[in-house]
Each structure stands twice: as C-alpha cells, then as structure tokens.
file coords-v8.cif (mmCIF, C-alpha atoms)
data_structure
#
loop_
_atom_site.label_atom_id
_atom_site.label_comp_id
_atom_site.auth_asym_id
_atom_site.auth_seq_id
_atom_site.Cartn_x
_atom_site.Cartn_y
_atom_site.Cartn_z
CA MET E 1 33.10 34.37 58.27
CA ARG E 2 34.34 34.83 54.72
CA ALA E 3 35.48 38.22 53.44
CA THR E 4 33.98 39.41 50.17
CA VAL E 5 35.45 41.76 47.61
CA PRO E 6 33.16 44.05 45.60
CA VAL E 7 32.77 42.94 41.97
CA ALA E 8 33.90 46.37 40.71
CA ALA E 9 37.20 46.02 42.60
CA VAL E 10 37.82 42.61 41.01
CA ALA E 11 37.06 44.00 37.53
CA VAL E 12 39.45 46.94 38.00
CA ALA E 13 42.20 44.64 39.29
CA ALA E 14 41.71 42.27 36.35
CA ALA E 15 41.89 45.18 33.89
CA LEU E 16 45.13 46.40 35.45
CA VAL E 17 46.67 42.93 35.31
CA LEU E 18 45.71 42.56 31.63
CA THR E 19 47.11 46.00 30.83
CA ALA E 20 50.38 45.15 32.57
CA CYS E 21 50.73 42.00 30.41
CA ASP E 22 50.26 43.81 27.09
CA ASP E 23 53.32 43.62 24.86
CA GLY E 24 52.21 46.65 22.87
CA GLY E 25 51.44 44.60 19.77
CA GLY E 26 55.05 44.63 18.63
CA GLY E 27 55.19 40.91 17.83
CA THR E 28 57.79 39.81 15.31
CA GLY E 29 55.59 37.28 13.58
CA ASP E 30 58.06 34.54 14.50
CA SER E 31 56.30 31.42 15.68
CA ARG E 32 58.28 31.21 18.91
CA ALA E 33 59.25 34.77 19.84
CA GLY E 34 57.52 38.11 20.27
CA ASP E 35 54.00 36.73 20.55
CA ARG E 36 53.87 36.17 24.32
CA GLY E 37 51.51 38.34 26.34
CA ALA E 38 48.86 38.39 23.61
CA GLY E 39 45.44 36.86 23.87
CA ARG E 40 43.25 39.61 25.29
CA GLU E 41 39.62 38.63 24.90
CA GLY E 42 38.46 39.58 21.43
CA ALA E 43 42.01 39.75 20.07
CA ALA E 44 43.07 37.26 17.42
CA CYS E 45 44.64 34.07 18.74
CA ARG E 46 48.38 34.19 18.14
CA ILE E 47 50.53 31.28 17.08
CA GLY E 48 52.86 31.86 20.06
CA ASP E 49 50.00 31.54 22.57
CA VAL E 50 48.65 28.22 21.34
CA GLY E 51 49.83 24.65 21.22
CA ILE E 52 49.25 22.79 17.97
CA GLU E 53 49.42 19.02 17.66
CA ALA E 54 49.14 16.99 14.47
CA GLY E 55 47.89 13.43 14.10
CA ALA E 56 47.50 11.62 10.82
CA SER E 57 45.60 8.86 9.17
CA ALA E 58 48.06 8.67 6.29
CA ALA E 59 47.07 7.52 2.82
CA PRO E 60 48.67 4.09 2.35
CA ALA E 61 49.24 4.21 -1.43
CA ALA E 62 49.18 6.56 -4.43
CA GLY E 63 45.62 7.62 -5.22
CA ASP E 64 44.38 6.97 -1.67
CA THR E 65 43.02 9.72 0.56
CA GLY E 66 44.60 10.60 3.89
CA THR E 67 43.94 13.13 6.61
CA VAL E 68 46.04 15.14 9.03
CA SER E 69 44.11 16.49 12.02
CA PHE E 70 45.45 19.52 13.85
CA THR E 71 44.37 20.35 17.40
CA VAL E 72 44.86 23.96 18.51
CA THR E 73 44.88 24.54 22.30
CA ASN E 74 44.89 28.05 23.74
CA HIS E 75 47.55 28.57 26.43
CA GLY E 76 46.90 32.31 26.87
CA ALA E 77 43.94 34.47 27.80
CA ALA E 78 40.72 34.17 25.80
CA CYS E 79 41.22 34.99 22.12
CA THR E 80 39.32 34.79 18.85
CA LEU E 81 39.65 32.67 15.72
CA ASP E 82 37.80 34.60 13.01
CA GLY E 83 38.27 32.83 9.70
CA LEU E 84 39.78 29.64 8.38
CA PRO E 85 43.10 28.02 9.18
CA ALA E 86 45.79 28.22 6.51
CA VAL E 87 48.26 25.47 5.58
CA THR E 88 51.19 25.73 3.18
CA LEU E 89 53.00 22.60 2.01
CA SER E 90 56.73 22.91 1.33
CA ALA E 91 58.87 20.69 -0.88
CA GLY E 92 62.41 21.92 -1.43
CA ASP E 93 62.15 25.33 -3.09
CA ALA E 94 58.42 24.92 -3.85
CA SER E 95 55.61 25.97 -1.53
CA VAL E 96 51.91 25.63 -2.24
CA GLU E 97 48.94 26.85 -0.27
CA VAL E 98 46.27 24.28 0.45
CA PRO E 99 42.84 25.64 -0.52
CA ALA E 100 39.89 25.60 1.88
CA GLU E 101 37.27 22.89 1.41
CA GLN E 102 34.62 24.03 -1.05
CA ALA E 103 31.90 23.95 1.59
CA ALA E 104 34.08 25.40 4.38
CA ARG E 105 32.46 28.35 6.13
CA ALA E 106 34.47 30.61 8.40
CA ARG E 107 33.09 31.00 11.91
CA LYS E 108 34.10 33.36 14.66
CA LEU E 109 35.07 31.30 17.70
CA THR E 110 36.21 32.54 21.09
CA LEU E 111 38.81 30.24 22.56
CA ALA E 112 39.01 30.39 26.36
CA GLU E 113 42.29 29.59 28.12
CA GLY E 114 42.78 25.82 27.95
CA ALA E 115 40.09 25.34 25.30
CA ALA E 116 40.81 23.50 22.06
CA VAL E 117 39.52 23.36 18.50
CA SER E 118 40.58 21.19 15.60
CA PHE E 119 40.71 21.26 11.82
CA THR E 120 41.55 18.67 9.20
CA LEU E 121 43.70 18.68 6.09
CA THR E 122 42.56 16.05 3.57
CA TYR E 123 44.92 15.03 0.76
CA VAL E 124 45.36 12.51 -2.03
CA ARG E 125 48.67 10.68 -1.96
CA GLY E 126 50.77 11.13 -5.07
CA GLU E 127 52.97 8.65 -6.85
CA ALA E 128 56.51 8.65 -5.44
CA GLY E 129 58.71 10.63 -7.84
CA GLY E 130 55.73 11.22 -10.14
CA GLU E 131 55.43 14.25 -12.39
CA ARG E 132 52.10 15.15 -10.82
CA SER E 133 53.27 14.75 -7.23
CA LEU E 134 54.76 17.09 -4.67
CA ALA E 135 57.43 15.57 -2.41
CA VAL E 136 56.25 17.46 0.69
CA GLU E 137 58.81 17.89 3.49
CA SER E 138 56.85 20.13 5.85
CA ALA E 139 53.51 21.81 6.49
CA GLN E 140 53.25 25.37 7.83
CA VAL E 141 50.10 26.21 9.82
CA ALA E 142 48.83 29.79 10.23
CA LEU E 143 45.92 31.15 12.24
CA PRO E 144 43.52 33.73 10.77
CA ALA E 145 44.42 37.41 11.31
CA ALA E 146 47.64 36.51 13.14
CA PRO E 147 51.28 36.74 12.09
CA GLY E 148 53.61 33.76 12.10
CA THR E 149 53.37 30.07 11.36
CA ARG E 150 54.10 26.79 13.08
CA GLY E 151 55.97 24.15 11.09
CA PHE E 152 55.43 20.40 11.13
CA PRO E 153 57.49 17.71 9.40
CA TRP E 154 55.54 15.83 6.72
CA SER E 155 56.01 12.05 6.70
CA TYR E 156 52.77 11.05 5.00
CA GLY E 157 54.02 10.52 1.45
CA GLU E 158 53.91 12.72 -1.61
CA VAL E 159 50.81 14.80 -2.33
CA ALA E 160 49.13 14.53 -5.72
CA LEU E 161 48.81 17.68 -7.82
CA LYS E 162 45.59 18.65 -9.63
CA GLY E 163 47.31 21.17 -11.82
CA GLU E 164 50.24 23.55 -11.90
CA GLY E 165 51.02 24.20 -8.23
CA LEU E 166 47.56 23.12 -7.03
CA PRO E 167 47.68 20.27 -4.51
CA ASP E 168 44.95 17.65 -4.46
CA ALA E 169 44.24 18.64 -0.88
CA SER E 170 41.93 20.87 1.16
CA VAL E 171 41.67 22.36 4.65
CA GLY E 172 38.48 22.26 6.67
CA PRO E 173 37.17 24.88 9.12
CA PHE E 174 37.84 25.01 12.83
CA GLN E 175 35.57 22.67 14.81
CA GLN E 176 34.93 22.89 18.53
CA ALA E 177 35.03 19.64 20.48
CA GLY E 178 31.69 17.90 20.19
CA ASP E 179 30.71 19.60 16.88
#

call {"tool": "encode", "arguments": {"input": "coords-v8.cif", "output": "structure tokens"}}
result
Amino acid sequence: MRATVPVAAVAVAAALVLTACDDGGGGTGDSRAGDRGAGREGAACRIGDVGIEAGASAAPAAGDTGTVSFTVTNHGAACTLDGLPAVTLSAGDASVEVPAEQAARARKLTLAEGAAVSFTLTYVRGEAGGERSLAVESAQVALPAAPGTRGFPWSYGEVALKGEGLPDASVGPFQQAGD
C-alpha cells in the first residue's frame, strides 16, 4: 500500500520551501555573486541562476558575416525572460551596444529548471586595424529585466562599424529549442 499526501499539504510545503530560499531581492548585480536563490516562477531570470554558453561560426575575412550563438540554460527555479537579450561589445576603453535585429520581437518565455533557449548575434567582420573596425576583446551578455552581465572573450576578429559607434551587428530574440 502506498501512502498519499493531500495536494494542499504539498502546495503549502512547496510555498514554505520557496519562501525560505528567497534572498530578499538584495542582489548586487554582479554576475557571480548575490543572485543565488532567485528564480521564483514569474520572476525575471537572473544571470547568476543561468548557464550561458557561446559557440561561433566566425566570419573568415573582412566583409564576411559571422554568427555567435548563445545558449541560456536555467539552473534555478522557473523564471521568465520578458524582452530581448542585450549584448555589449568591448574594445579597450570603447563599448558599444549591439542593436536588436530589425524584425526582432520580444516574447515572454517561462524557463523551467533545466530548460534552455538560445539567441544569435550576427556581425560583419571588419578589416584588421581599419578605421571603420572595432577591435573587440569581449562581449557582455545581459538578460532582460535583470541586473548583471556575463562576459565572454571575443576571438572572432574585428567587427565592422556602420557609423560612429554603431557596430555592423545585430542580436536576435530568444528562441526555444525546436522553434
């Protein structure tokens, strides 16, 4: 014979466990500290509760197009991505935000524990040392409505510039696996 527990008792216990894990929202915004314990369902996904991996199909030469795909995996409780990812490219003292794709539409996605989404940064490779190129050293990724960033080294060549401080690059929306 198997013992059963009333559904209401399970719900109350789950609520108490979630309340006990709350950090009070006092995160520091640092990508590695202060963000643990977040991820209550409906709350914004926090950079400290997700894993982010980058994989590239680098542009081979100046003028060619390359892509960097980022996979975001939730390691905490269910959370929400409500908006578009943000990427900033850094080169020495210069930092430029990568604009969203023109057709990119923000979607509200709930990310269960262990679930993953991805997004892609598309860029045009610049001429090495060129006046209209940015010698990118790193990319900083941010999630919508969440403090903090996660940094990634950039080894995919210089990024062409369209104009003053405007990279010839764009960021696409979050996509669930199979979309």

call {"tool": "closest_residue", "arguments": {"input": "coords-v8.cif", "among": "E:Thr88, E:Asn74, E:Thr80, E:Thr67", "to": "Pro167 (chain E)", "atoms": "all atoms listed in the file"}}
result
E:Thr88

call {"tool": "closest_residue", "arguments": {"input": "coords-v8.cif", "among": "E:Ser138, E:Leu121, E:Ala104, E:Gly92", "to": "Arg150 (chain E)", "atoms": "all atoms listed in the file"}}
result
E:Ser138

call {"tool": "residues_around", "arguments": {"input": "coords-v8.cif", "residues": "Thr120 (chain E)", "least_positions_apart": "4", "cutoff": "10 Å", "atoms": "only C-alpha atoms", "output": "JSON list (two decimals) with C-alpha atoms, in the frame of the given file"}}
result
[["chain", "number", "residue", "atom", "x", "y", "z"],
["E", 54, "ALA", "CA", 49.14, 16.99, 14.47],
["E", 55, "GLY", "CA", 47.89, 13.43, 14.10],
["E", 56, "ALA", "CA", 47.50, 11.62, 10.82],
["E", 67, "THR", "CA", 43.94, 13.13, 6.61],
["E", 68, "VAL", "CA", 46.04, 15.14, 9.03],
["E", 69, "SER", "CA", 44.11, 16.49, 12.02],
["E", 70, "PHE", "CA", 45.45, 19.52, 13.85],
["E", 71, "THR", "CA", 44.37, 20.35, 17.40],
["E", 85, "PRO", "CA", 43.10, 28.02, 9.18],
["E", 101, "GLU", "CA", 37.27, 22.89, 1.41],
["E", 170, "SER", "CA", 41.93, 20.87, 1.16],
["E", 171, "VAL", "CA", 41.67, 22.36, 4.65],
["E", 172, "GLY", "CA", 38.48, 22.26, 6.67],
["E", 173, "PRO", "CA", 37.17, 24.88, 9.12],
["E", 174, "PHE", "CA", 37.84, 25.01, 12.83],
["E", 175, "GLN", "CA", 35.57, 22.67, 14.81]]

call {"tool": "atom_distance", "arguments": {"input": "coords-v8.cif", "atom1": "CA of Cys79 (chain E)", "atom2": "CA of Val50 (chain E)"}}
result
10.1 Å

call {"tool": "closest_residue", "arguments": {"input": "coords-v8.cif", "among": "E:Ala142, E:Ala169, E:Ala115, E:Ala128", "to": "Gly157 (chain E)", "atoms": "only C-alpha atoms"}}
result
E:Ala128

call {"tool": "atom_distance", "arguments": {"input": "coords-v8.cif", "atom1": "CA of Val124 (chain E)", "atom2": "CA of Ala59 (chain E)"}}
result
7.2 Å

call {"tool": "resolve_selection", "arguments": {"input": "coords-v8.cif", "expression": "the PyMOL selection byres ((chain E and resi 139) around 9)", "output": "ChimeraX atom specification"}}
result
/E:87-90,136-138,140-141,150-154

call {"tool": "closest_residue", "arguments": {"input": "coords-v8.cif", "among": "E:Leu166, E:Ala58, E:Ala94, E:Ala145", "to": "Arg125 (chain E)", "atoms": "all atoms listed in the file"}}
result
E:Ala58

call {"tool": "atom_distance", "arguments": {"input": "coords-v8.cif", "atom1": "CA of Gly83 (chain E)", "atom2": "CA of Gly165 (chain E)"}}
result
23.6 Å

call {"tool": "residues_around", "arguments": {"input": "coords-v8.cif", "residues": "Gly63 (chain E)", "least_positions_apart": "2", "cutoff": "8 Å", "atoms": "only C-alpha atoms", "output": "list in words"}}
result
Ala61, Thr65, Val124, Arg125, Gly126, Glu127 and Ala160 of chain E

call {"tool": "write_last_selection", "arguments": {"input": "coords-v8.cif", "atoms": "C-alpha atoms", "output": "PDB file, in the frame of the given file"}}
result
ATOM      1  CA  ALA E  61      49.240   4.210  -1.430  1.00  0.00           C
ATOM      2  CA  THR E  65      43.020   9.720   0.560  1.00  0.00           C
ATOM      3  CA  VAL E 124      45.360  12.510  -2.030  1.00  0.00           C
ATOM      4  CA  ARG E 125      48.670  10.680  -1.960  1.00  0.00           C
ATOM      5  CA  GLY E 126      50.770  11.130  -5.070  1.00  0.00           C
ATOM      6  CA  GLU E 127      52.970   8.650  -6.850  1.00  0.00           C
ATOM      7  CA  ALA E 160      49.130  14.530  -5.720  1.00  0.00           C
TER       8      ALA E 160
END

call {"tool": "residues_around", "arguments": {"input": "coords-v8.cif", "residues": "Leu134 (chain E)", "least_positions_apart": "4", "cutoff": "7 Å", "atoms": "all atoms listed in the file", "output": "JSON, numbers by chain"}}
result
{"E": [91, 158, 159, 160, 161]}

call {"tool": "residues_around", "arguments": {"input": "coords-v8.cif", "residues": "Cys45 (chain E)", "least_positions_apart": "6", "cutoff": "12 Å", "atoms": "all atoms listed in the file", "output": "ChimeraX atom specification"}}
result
/E:35-39,51,72-83,85,108-113,115-117,142-148

call {"tool": "closest_residue", "arguments": {"input": "coords-v8.cif", "among": "E:Asp49, E:Ala44, E:Pro60, E:Asp168", "to": "Thr122 (chain E)", "atoms": "all atoms listed in the file"}}
result
E:Asp168

call {"tool": "closest_residue", "arguments": {"input": "coords-v8.cif", "among": "E:Ser95, E:Ser133, E:Ser155, E:Gln176", "to": "Arg107 (chain E)", "atoms": "all atoms listed in the file"}}
result
E:Gln176
